[in-house]
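Raw contents of my_file_5.tsv, TSV, C-alpha atoms:
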```
chain	number	residue	atom	x	y	z
I	1	MET	CA	0.00	0.00	0.00
I	2	ASP	CA	1.27	3.45	-0.95
I	3	VAL	CA	0.96	5.76	2.09
I	4	ARG	CA	0.82	9.56	1.61
I	5	ARG	CA	1.07	12.27	4.27
I	6	VAL	CA	-1.83	14.73	4.55
I	7	GLN	CA	-0.82	18.38	4.14
I	8	ILE	CA	-2.72	21.61	4.67
I	9	THR	CA	-2.86	24.29	2.02
I	10	GLY	CA	-4.48	27.70	2.23
I	11	GLY	CA	-4.95	27.22	5.94
I	12	SER	CA	-8.10	25.13	5.66
I	13	SER	CA	-7.84	22.59	2.80
I	14	PHE	CA	-6.36	19.13	3.20
I	15	MET	CA	-4.16	17.89	0.38
I	16	ILE	CA	-2.31	14.71	-0.65
I	17	THR	CA	-0.22	14.07	-3.74
I	18	LEU	CA	-1.18	11.39	-6.25
I	19	PRO	CA	1.19	8.55	-7.22
I	20	LYS	CA	2.88	9.50	-10.48
I	21	ASP	CA	2.80	5.96	-11.88
I	22	TRP	CA	-0.94	5.79	-11.36
I	23	ALA	CA	-1.52	9.23	-12.86
I	24	ASN	CA	0.47	8.22	-15.96
I	25	SER	CA	-1.33	4.89	-16.26
I	26	VAL	CA	-4.74	6.58	-16.45
I	27	GLY	CA	-3.56	9.40	-18.71
I	28	LEU	CA	-3.92	12.15	-16.13
I	29	ASN	CA	-2.48	15.54	-17.13
I	30	LYS	CA	-2.19	19.01	-15.64
I	31	ASN	CA	-5.58	20.74	-15.14
I	32	ASP	CA	-7.52	17.51	-15.70
I	33	THR	CA	-10.43	16.89	-13.35
I	34	ILE	CA	-10.85	14.00	-10.92
I	35	GLY	CA	-14.18	12.84	-9.56
I	36	LEU	CA	-14.39	12.02	-5.85
I	37	GLN	CA	-16.97	9.72	-4.31
I	38	ALA	CA	-17.22	8.79	-0.62
I	39	GLN	CA	-17.95	5.11	0.03
I	40	PRO	CA	-20.11	3.73	2.87
I	41	ASP	CA	-17.03	2.23	4.56
I	42	GLY	CA	-15.33	5.65	4.82
I	43	THR	CA	-12.97	5.20	1.86
I	44	LEU	CA	-12.80	7.59	-1.07
I	45	SER	CA	-12.91	6.59	-4.74
I	46	LEU	CA	-11.10	8.69	-7.39
I	47	TYR	CA	-12.35	8.84	-10.97
I	48	PRO	CA	-9.96	10.40	-13.52
I	49	LYS	CA	-11.51	12.88	-15.95
I	50	GLY	CA	-14.25	13.57	-13.41
I	51	THR	CA	-16.58	10.65	-14.13
I	52	ALA	CA	-16.95	7.18	-12.74
I	53	PRO	CA	-15.66	4.51	-15.12
I	54	MET	CA	-18.15	2.37	-16.98
I	55	PRO	CA	-18.06	-1.28	-15.87
I	56	LYS	CA	-16.14	-3.45	-18.30
I	57	ARG	CA	-18.42	-5.48	-20.59
I	58	SER	CA	-16.60	-8.75	-20.20
I	59	THR	CA	-17.06	-11.86	-22.31
I	60	LYS	CA	-16.80	-15.36	-20.87
I	61	VAL	CA	-15.66	-18.01	-23.35
I	62	ILE	CA	-16.81	-21.61	-22.82
I	63	ASP	CA	-15.26	-24.37	-24.92
I	64	ALA	CA	-17.95	-26.90	-25.86
I	65	THR	CA	-15.83	-28.91	-28.32
I	66	ASN	CA	-15.90	-32.05	-26.20
I	67	ALA	CA	-19.05	-31.28	-24.23
I	68	ILE	CA	-20.73	-34.57	-23.38
I	69	ASP	CA	-22.24	-33.91	-19.97
I	70	ARG	CA	-25.16	-31.52	-20.53
I	71	GLY	CA	-25.49	-30.86	-16.80
I	72	PHE	CA	-21.86	-29.75	-16.58
I	73	LEU	CA	-22.25	-27.40	-19.53
I	74	TYR	CA	-25.48	-25.97	-18.13
I	75	ARG	CA	-23.84	-25.24	-14.76
I	76	GLN	CA	-20.98	-23.45	-16.52
I	77	LEU	CA	-23.49	-21.26	-18.35
I	78	VAL	CA	-25.37	-20.43	-15.15
I	79	GLY	CA	-22.10	-19.63	-13.38
I	80	ALA	CA	-20.99	-17.31	-16.19
I	81	TYR	CA	-24.35	-15.51	-16.06
I	82	ILE	CA	-24.26	-15.07	-12.29
I	83	ALA	CA	-20.63	-13.88	-12.45
I	84	GLY	CA	-21.96	-10.79	-14.26
I	85	HIS	CA	-20.46	-11.24	-17.73
I	86	ALA	CA	-22.11	-9.15	-20.43
I	87	MET	CA	-21.44	-11.79	-23.09
I	88	ILE	CA	-21.11	-15.57	-23.04
I	89	LEU	CA	-19.40	-17.13	-26.04
I	90	ILE	CA	-19.89	-20.87	-26.51
I	91	ARG	CA	-17.49	-22.13	-29.16
I	92	SER	CA	-16.45	-25.44	-30.65
I	93	SER	CA	-13.69	-26.53	-33.02
I	94	GLN	CA	-16.15	-28.89	-34.67
I	95	PRO	CA	-19.86	-28.62	-35.50
I	96	MET	CA	-21.90	-28.31	-32.33
I	97	SER	CA	-24.06	-31.28	-31.42
I	98	PRO	CA	-27.85	-30.91	-31.09
I	99	ALA	CA	-27.40	-31.62	-27.36
I	100	VAL	CA	-25.11	-28.61	-26.91
I	101	ILE	CA	-27.41	-26.33	-28.89
I	102	SER	CA	-30.42	-27.53	-26.91
I	103	THR	CA	-28.61	-26.97	-23.59
I	104	VAL	CA	-27.67	-23.40	-24.52
I	105	THR	CA	-31.21	-22.70	-25.76
I	106	ASN	CA	-32.74	-24.00	-22.53
I	107	PHE	CA	-30.32	-21.89	-20.50
I	108	VAL	CA	-31.19	-18.70	-22.41
I	109	GLN	CA	-34.91	-19.36	-21.99
I	110	ALA	CA	-34.44	-19.97	-18.26
I	111	SER	CA	-32.47	-16.76	-17.64
I	112	ILE	CA	-33.72	-13.19	-17.35
I	113	GLY	CA	-32.34	-10.68	-19.86
I	114	LEU	CA	-30.38	-13.03	-22.16
I	115	GLU	CA	-30.67	-13.39	-25.92
I	116	MET	CA	-28.75	-15.31	-28.58
I	117	ILE	CA	-27.40	-12.66	-30.92
I	118	GLU	CA	-25.10	-14.88	-33.05
I	119	ALA	CA	-25.13	-18.58	-33.86
I	120	ASP	CA	-23.58	-20.96	-36.39
I	121	ASP	CA	-22.04	-24.44	-36.38
I	122	SER	CA	-18.96	-23.35	-34.44
I	123	HIS	CA	-20.17	-20.73	-31.98
I	124	ILE	CA	-23.12	-19.21	-30.13
I	125	LEU	CA	-22.92	-15.72	-28.66
I	126	VAL	CA	-25.30	-14.90	-25.82
I	127	ALA	CA	-25.70	-11.30	-24.63
I	128	ASN	CA	-27.26	-9.75	-21.55
I	129	LEU	CA	-29.65	-6.98	-22.62
I	130	ILE	CA	-30.67	-5.67	-19.18
I	131	GLU	CA	-28.72	-2.92	-17.44
I	132	HIS	CA	-28.15	-3.89	-13.83
I	133	ASP	CA	-29.00	-0.43	-12.48
I	134	ALA	CA	-32.50	-0.72	-13.97
I	135	ILE	CA	-33.38	-3.49	-11.49
I	136	ASP	CA	-34.64	-2.85	-7.96
I	137	PRO	CA	-33.52	-5.82	-5.81
I	138	LYS	CA	-36.26	-5.23	-3.25
I	139	LYS	CA	-38.91	-5.45	-5.96
I	140	ILE	CA	-37.32	-8.74	-6.96
I	141	ILE	CA	-37.76	-10.04	-3.41
I	142	GLU	CA	-41.42	-8.99	-3.38
I	143	ARG	CA	-41.98	-10.79	-6.68
I	144	MET	CA	-40.36	-13.96	-5.36
I	145	GLY	CA	-42.48	-13.75	-2.22
I	146	LEU	CA	-45.71	-13.61	-4.24
I	147	LEU	CA	-44.68	-16.61	-6.32
I	148	VAL	CA	-43.76	-18.66	-3.26
I	149	LYS	CA	-46.98	-17.77	-1.43
I	150	GLY	CA	-48.99	-18.85	-4.46
I	151	MET	CA	-47.22	-22.22	-4.41
I	152	ILE	CA	-47.93	-22.64	-0.69
I	153	THR	CA	-51.61	-21.79	-1.13
I	154	ASP	CA	-52.05	-24.30	-3.94
I	155	LEU	CA	-50.13	-27.06	-2.15
I	156	TYR	CA	-52.30	-26.84	0.98
I	157	ASP	CA	-55.46	-26.58	-1.07
I	158	ALA	CA	-54.49	-29.76	-2.93
I	159	ALA	CA	-53.63	-31.54	0.31
I	160	PHE	CA	-57.07	-30.89	1.77
I	161	THR	CA	-59.31	-31.28	-1.27
I	162	GLY	CA	-57.57	-34.02	-3.23
I	163	ASN	CA	-57.65	-31.78	-6.32
I	164	LEU	CA	-54.14	-31.83	-7.80
I	165	ASP	CA	-54.85	-29.67	-10.87
I	166	ASN	CA	-53.33	-26.50	-9.43
I	167	ILE	CA	-50.02	-28.11	-8.49
I	168	LYS	CA	-49.29	-29.80	-11.81
I	169	ASP	CA	-47.18	-26.80	-12.86
I	170	MET	CA	-45.17	-26.53	-9.63
I	171	ARG	CA	-41.87	-27.26	-11.37
I	172	LEU	CA	-42.56	-24.56	-13.95
I	173	ARG	CA	-43.31	-22.02	-11.23
I	174	ASP	CA	-40.19	-23.05	-9.36
I	175	THR	CA	-38.19	-22.42	-12.54
I	176	GLU	CA	-39.44	-18.82	-12.49
I	177	ILE	CA	-38.26	-18.48	-8.88
I	178	ASP	CA	-34.86	-19.90	-9.87
I	179	ARG	CA	-34.60	-17.33	-12.67
I	180	ILE	CA	-35.20	-14.49	-10.23
I	181	TYR	CA	-32.72	-15.96	-7.75
I	182	TRP	CA	-30.02	-16.14	-10.45
I	183	LEU	CA	-30.71	-12.50	-11.32
I	184	THR	CA	-30.38	-11.47	-7.66
I	185	PHE	CA	-27.12	-13.41	-7.37
I	186	ARG	CA	-25.86	-11.73	-10.56
I	187	GLN	CA	-26.77	-8.29	-9.20
I	188	CYS	CA	-24.88	-8.96	-5.99
I	189	ILE	CA	-21.73	-9.98	-7.90
I	190	ILE	CA	-21.94	-6.87	-10.11
I	191	TYR	CA	-22.31	-4.66	-7.04
I	192	GLN	CA	-19.20	-6.21	-5.55
I	193	LYS	CA	-17.23	-5.58	-8.74
I	194	ASP	CA	-18.49	-2.05	-9.38
I	195	ALA	CA	-18.00	0.29	-6.42
I	196	SER	CA	-20.28	2.95	-7.94
I	197	ALA	CA	-23.25	0.63	-8.54
I	198	SER	CA	-24.62	0.83	-5.00
I	199	GLN	CA	-24.53	4.64	-5.14
I	200	LYS	CA	-26.45	4.66	-8.43
I	201	MET	CA	-29.15	2.44	-6.95
I	202	ASN	CA	-29.00	4.06	-3.48
I	203	LEU	CA	-28.66	0.58	-2.02
I	204	PRO	CA	-25.65	-0.20	0.20
I	205	LEU	CA	-23.71	-3.34	-0.63
I	206	TYR	CA	-24.63	-4.97	2.69
I	207	GLU	CA	-28.33	-4.63	1.76
I	208	MET	CA	-27.69	-6.16	-1.64
I	209	THR	CA	-25.99	-9.08	0.09
I	210	ALA	CA	-28.99	-9.37	2.40
I	211	CYS	CA	-31.26	-9.48	-0.67
I	212	LEU	CA	-29.25	-12.42	-1.92
I	213	SER	CA	-29.57	-14.26	1.40
I	214	LEU	CA	-33.32	-13.72	1.49
I	215	SER	CA	-33.80	-14.74	-2.13
I	216	ARG	CA	-31.91	-17.94	-1.35
I	217	VAL	CA	-34.35	-18.78	1.45
I	218	LEU	CA	-37.32	-18.14	-0.86
I	219	GLU	CA	-35.68	-20.33	-3.49
I	220	TYR	CA	-35.38	-23.09	-0.88
I	221	ILE	CA	-39.09	-22.80	-0.10
I	222	GLY	CA	-39.92	-23.08	-3.80
I	223	ASP	CA	-37.82	-26.25	-4.06
I	224	TYR	CA	-39.55	-27.65	-1.00
I	225	MET	CA	-43.01	-26.98	-2.44
I	226	VAL	CA	-42.04	-28.96	-5.55
I	227	SER	CA	-40.86	-31.83	-3.35
I	228	MET	CA	-44.05	-31.87	-1.27
I	229	SER	CA	-46.21	-31.68	-4.39
I	230	SER	CA	-44.41	-34.73	-5.74
I	231	HIS	CA	-45.28	-36.59	-2.53
I	232	LEU	CA	-48.97	-35.89	-3.05
I	233	PHE	CA	-48.83	-37.27	-6.58
I	234	LEU	CA	-47.21	-40.44	-5.25
I	235	ILE	CA	-50.07	-41.19	-2.81
I	236	GLU	CA	-52.11	-43.85	-4.57
I	237	GLY	CA	-55.78	-42.90	-4.88
I	238	PHE	CA	-55.22	-39.49	-3.30
I	239	ASP	CA	-56.79	-37.51	-6.17
I	240	SER	CA	-60.12	-39.29	-5.70
I	241	ALA	CA	-60.16	-39.43	-1.89
I	242	ASP	CA	-62.16	-37.19	0.44
I	243	THR	CA	-59.36	-35.58	2.44
I	244	THR	CA	-60.96	-32.24	3.30
I	245	ASP	CA	-59.91	-31.14	6.79
I	246	LYS	CA	-60.70	-27.58	7.85
I	247	ASP	CA	-58.66	-27.75	11.05
I	248	ALA	CA	-55.53	-28.85	9.26
I	249	ASN	CA	-56.17	-26.41	6.41
I	250	ASN	CA	-55.75	-23.67	8.99
I	251	TYR	CA	-52.01	-24.39	8.97
I	252	GLY	CA	-51.79	-23.39	5.32
I	253	GLN	CA	-53.31	-19.99	6.00
I	254	ARG	CA	-51.12	-19.45	9.05
I	255	VAL	CA	-47.80	-20.27	7.38
I	256	ASN	CA	-48.67	-18.02	4.44
I	257	ASN	CA	-49.55	-15.16	6.80
I	258	LEU	CA	-46.31	-15.82	8.65
I	259	LEU	CA	-44.30	-15.66	5.43
I	260	THR	CA	-46.03	-12.41	4.44
I	261	MET	CA	-45.23	-10.89	7.84
I	262	SER	CA	-41.60	-12.01	7.73
I	263	ILE	CA	-40.96	-10.58	4.26
I	264	LYS	CA	-42.70	-7.32	5.18
I	265	SER	CA	-40.52	-6.98	8.27
I	266	TRP	CA	-37.44	-7.35	6.06
I	267	ILE	CA	-38.61	-4.89	3.39
I	268	GLU	CA	-39.51	-2.25	5.98
I	269	LYS	CA	-36.64	-3.06	8.39
I	270	ASP	CA	-39.26	-3.40	11.12
I	271	ILE	CA	-37.70	-5.28	14.05
I	272	THR	CA	-40.98	-5.19	16.01
I	273	LEU	CA	-42.71	-7.04	13.20
I	274	ALA	CA	-39.71	-9.36	12.90
I	275	GLU	CA	-39.91	-10.22	16.60
I	276	GLN	CA	-43.63	-10.91	16.22
I	277	SER	CA	-42.84	-13.21	13.28
I	278	ILE	CA	-40.29	-15.15	15.31
I	279	LYS	CA	-42.68	-15.59	18.25
I	280	GLU	CA	-45.55	-16.70	16.03
I	281	ALA	CA	-43.25	-19.11	14.21
I	282	ASP	CA	-42.19	-20.61	17.55
I	283	GLU	CA	-45.83	-20.95	18.62
I	284	LEU	CA	-46.74	-22.61	15.34
I	285	LEU	CA	-43.79	-25.01	15.58
I	286	GLU	CA	-44.84	-26.00	19.08
I	287	GLU	CA	-48.43	-26.57	17.94
I	288	ILE	CA	-47.24	-28.71	15.05
I	289	LYS	CA	-45.16	-30.80	17.44
I	290	ARG	CA	-48.14	-31.39	19.74
I	291	PHE	CA	-50.48	-32.04	16.82
I	292	SER	CA	-48.12	-34.58	15.28
I	293	ARG	CA	-47.86	-36.48	18.58
I	294	SER	CA	-51.59	-36.60	19.24
I	295	ASP	CA	-53.02	-37.17	15.74
I	296	SER	CA	-53.80	-40.75	14.81
I	297	SER	CA	-57.02	-40.29	12.84
I	298	GLY	CA	-57.72	-41.14	9.23
I	299	ASP	CA	-56.86	-43.91	6.82
I	300	GLY	CA	-53.58	-44.33	4.99
I	301	ILE	CA	-54.38	-41.75	2.31
I	302	PHE	CA	-55.56	-39.20	4.88
I	303	ALA	CA	-52.54	-39.79	7.12
I	304	SER	CA	-50.14	-39.38	4.19
I	305	ALA	CA	-51.69	-36.03	3.26
I	306	ARG	CA	-51.49	-34.92	6.89
I	307	GLU	CA	-47.81	-35.82	6.92
I	308	VAL	CA	-47.16	-33.59	3.92
I	309	VAL	CA	-48.97	-30.76	5.70
I	310	MET	CA	-47.06	-31.15	8.94
I	311	PHE	CA	-43.65	-31.37	7.29
I	312	SER	CA	-44.42	-28.35	5.09
I	313	SER	CA	-45.72	-26.24	7.97
I	314	LYS	CA	-42.68	-27.04	10.08
I	315	ARG	CA	-40.16	-26.27	7.33
I	316	ILE	CA	-41.80	-23.02	6.21
I	317	SER	CA	-42.10	-21.79	9.80
I	318	GLU	CA	-38.37	-22.36	10.25
I	319	TYR	CA	-37.62	-20.47	7.04
I	320	CYS	CA	-39.80	-17.57	8.20
I	321	LYS	CA	-37.74	-17.36	11.38
I	322	ASN	CA	-34.61	-17.11	9.21
I	323	ILE	CA	-36.11	-14.22	7.26
I	324	ALA	CA	-37.12	-12.37	10.43
I	325	GLU	CA	-33.61	-12.83	11.80
I	326	PHE	CA	-32.24	-11.28	8.58
I	327	THR	CA	-34.37	-8.24	9.42
I	328	PHE	CA	-32.50	-7.71	12.67
I	329	ASN	CA	-29.19	-8.09	10.86
I	330	ILE	CA	-29.87	-5.20	8.48
I	331	ALA	CA	-32.11	-3.05	10.69
I	332	MET	CA	-29.51	-2.79	13.47
I	333	GLU	CA	-26.73	-1.60	11.10
```

Encoding of this model in structure tokens:
Amino acid sequence: MDVRRVQITGGSSFMITLPKDWANSVGLNKNDTIGLQAQPDGTLSLYPKGTAPMPKRSTKVIDATNAIDRGFLYRQLVGAYIAGHAMILIRSSQPMSPAVISTVTNFVQASIGLEMIEADDSHILVANLIEHDAIDPKKIIERMGLLVKGMITDLYDAAFTGNLDNIKDMRLRDTEIDRIYWLTFRQCIIYQKDASASQKMNLPLYEMTACLSLSRVLEYIGDYMVSMSSHLFLIEGFDSADTTDKDANNYGQRVNNLLTMSIKSWIEKDITLAEQSIKEADELLEEIKRFSRSDSSGDGIFASAREVVMFSSKRISEYCKNIAEFTFNIAME
């Protein structure tokens, strides 16, 4: 680290000299202007010529010449997207196989803001068309919350009516949640690489990181709803059974209200609401424990549906506690 001594000029202004090597490397000359921007951590960023530099539009190159494992290729593509690259170039020294083309196509369709802008037998160029500073991370969280709550509502409704129609598309809805989670992860990486991004969005980096943590929890809940829906489909004869249970259905309404409260506490940085969420989650978890010990009613089909309900209620309540605890982490900053 280059250390400079602070001097006083004119009796009231503080002054330090700039490293000559750095000034030469950025083309700084006499009478040029330098932009100054204070950072949340107390440091100061300098921008030669008076403006903040534009983030580099990087291109990630992925060699798919010997791509055999579609899952491996897909994970590389997702990683390159989340890393914040503006372009992803998939190239091959021989004609691309239909499997490679299909994998890239599926990836583009599953990602927000990507388009194929070039393609032939030897390469595919994918570009991100969304500017990161046009996205409000908190709005992303609210969108994820609505999607997850819709999945919860439909899962509990199916568990108590035997009507599975509304949960047939659970995997598709979970894919939408995954897309939003990837976008949030990408935003967080870009914020970490570009010191001026948080100032442009008026969102400190620690809050962006908190958005990522919360979106991860919501993504977990989406995955869990898919898993529980699959269990219902595996119960033989469930779709024609009379499983309606108003008392148990109450759990579905309560966990959804709890999730709504937890997310609201995070959005508004309301620690009172967060504390209420934690206490209600603890009460619900205790009730579920007592209910699970005492309940022995119903036939095999009914008992299996009840098991899905109890497991789901327990897991979601625990996730809601996590969200409320995130609220304290950012509200007490």

If you take all atoms listed in the file and a cut-off of 12 Å, which residues of range 100-122 of chain I touch range 69-80 of chain I, and what are their nearest atom pairs and distances in Å to one decimal, in chain and number order, as CSV?
```
residue,atom,partner,partner_atom,distance
I:Val100,CA,I:Arg70,CA,7.0
I:Ile101,CA,I:Arg70,CA,10.1
I:Ser102,CA,I:Arg70,CA,9.2
I:Thr103,CA,I:Tyr74,CA,6.4
I:Val104,CA,I:Tyr74,CA,7.2
I:Thr105,CA,I:Tyr74,CA,10.1
I:Asn106,CA,I:Tyr74,CA,8.7
I:Phe107,CA,I:Tyr74,CA,6.8
I:Val108,CA,I:Leu77,CA,9.1
I:Gln109,CA,I:Val78,CA,11.8
I:Ala110,CA,I:Val78,CA,9.6
I:Ser111,CA,I:Val78,CA,8.4
I:Ile112,CA,I:Val78,CA,11.3
I:Leu114,CA,I:Val78,CA,11.4
```

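For the set I:Ser317, I:Thr153, I:Thr184, I:Asn29, the residue with the smallest atom-to-atom gap to Leu212 in chain I is I:Thr184, counting all atoms listed in the file.
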
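Using only C-alpha atoms, the shortest contact distance between Tyr156 in chain I and any of I:Ile177, I:Leu232, I:Leu214, I:Ala67 is found at I:Leu232.
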
inquiry  = Can you pull out the residues contacting range 288-292 of chain I? Cut-off 9 Å, using all atoms listed in the file, and skip same-chain residues under 6 positions away; I want them as number ranges by chain.
reply    = I: 251, 307, 310-311, 313-314

key: CA of Val61 in chain I to CA of Asp121 in chain I, straight-line distance in Å   = 15.9 Å

message = Between CA of Met15 in chain I and CA of Gly42 in chain I, what is the distance in Å, rounded to a tenth?
response = 17.2 Å

task = Choose the residue, out of I:Tyr191, I:Phe328, I:Phe14, I:Phe160, that has the smallest atom-to-atom separation from Pro204 in chain I; count all atoms listed in the file.
result = I:Tyr191

task = Find the residues with any atom within 9 Å of (-43.0, -24.5, 0.4); use all atoms listed in the file and the coordinates as given in the file, and write the answer as a PyMOL selection string.
result = chain I and resi 148-149+151-152+155+218+220-228+312-313+315-316
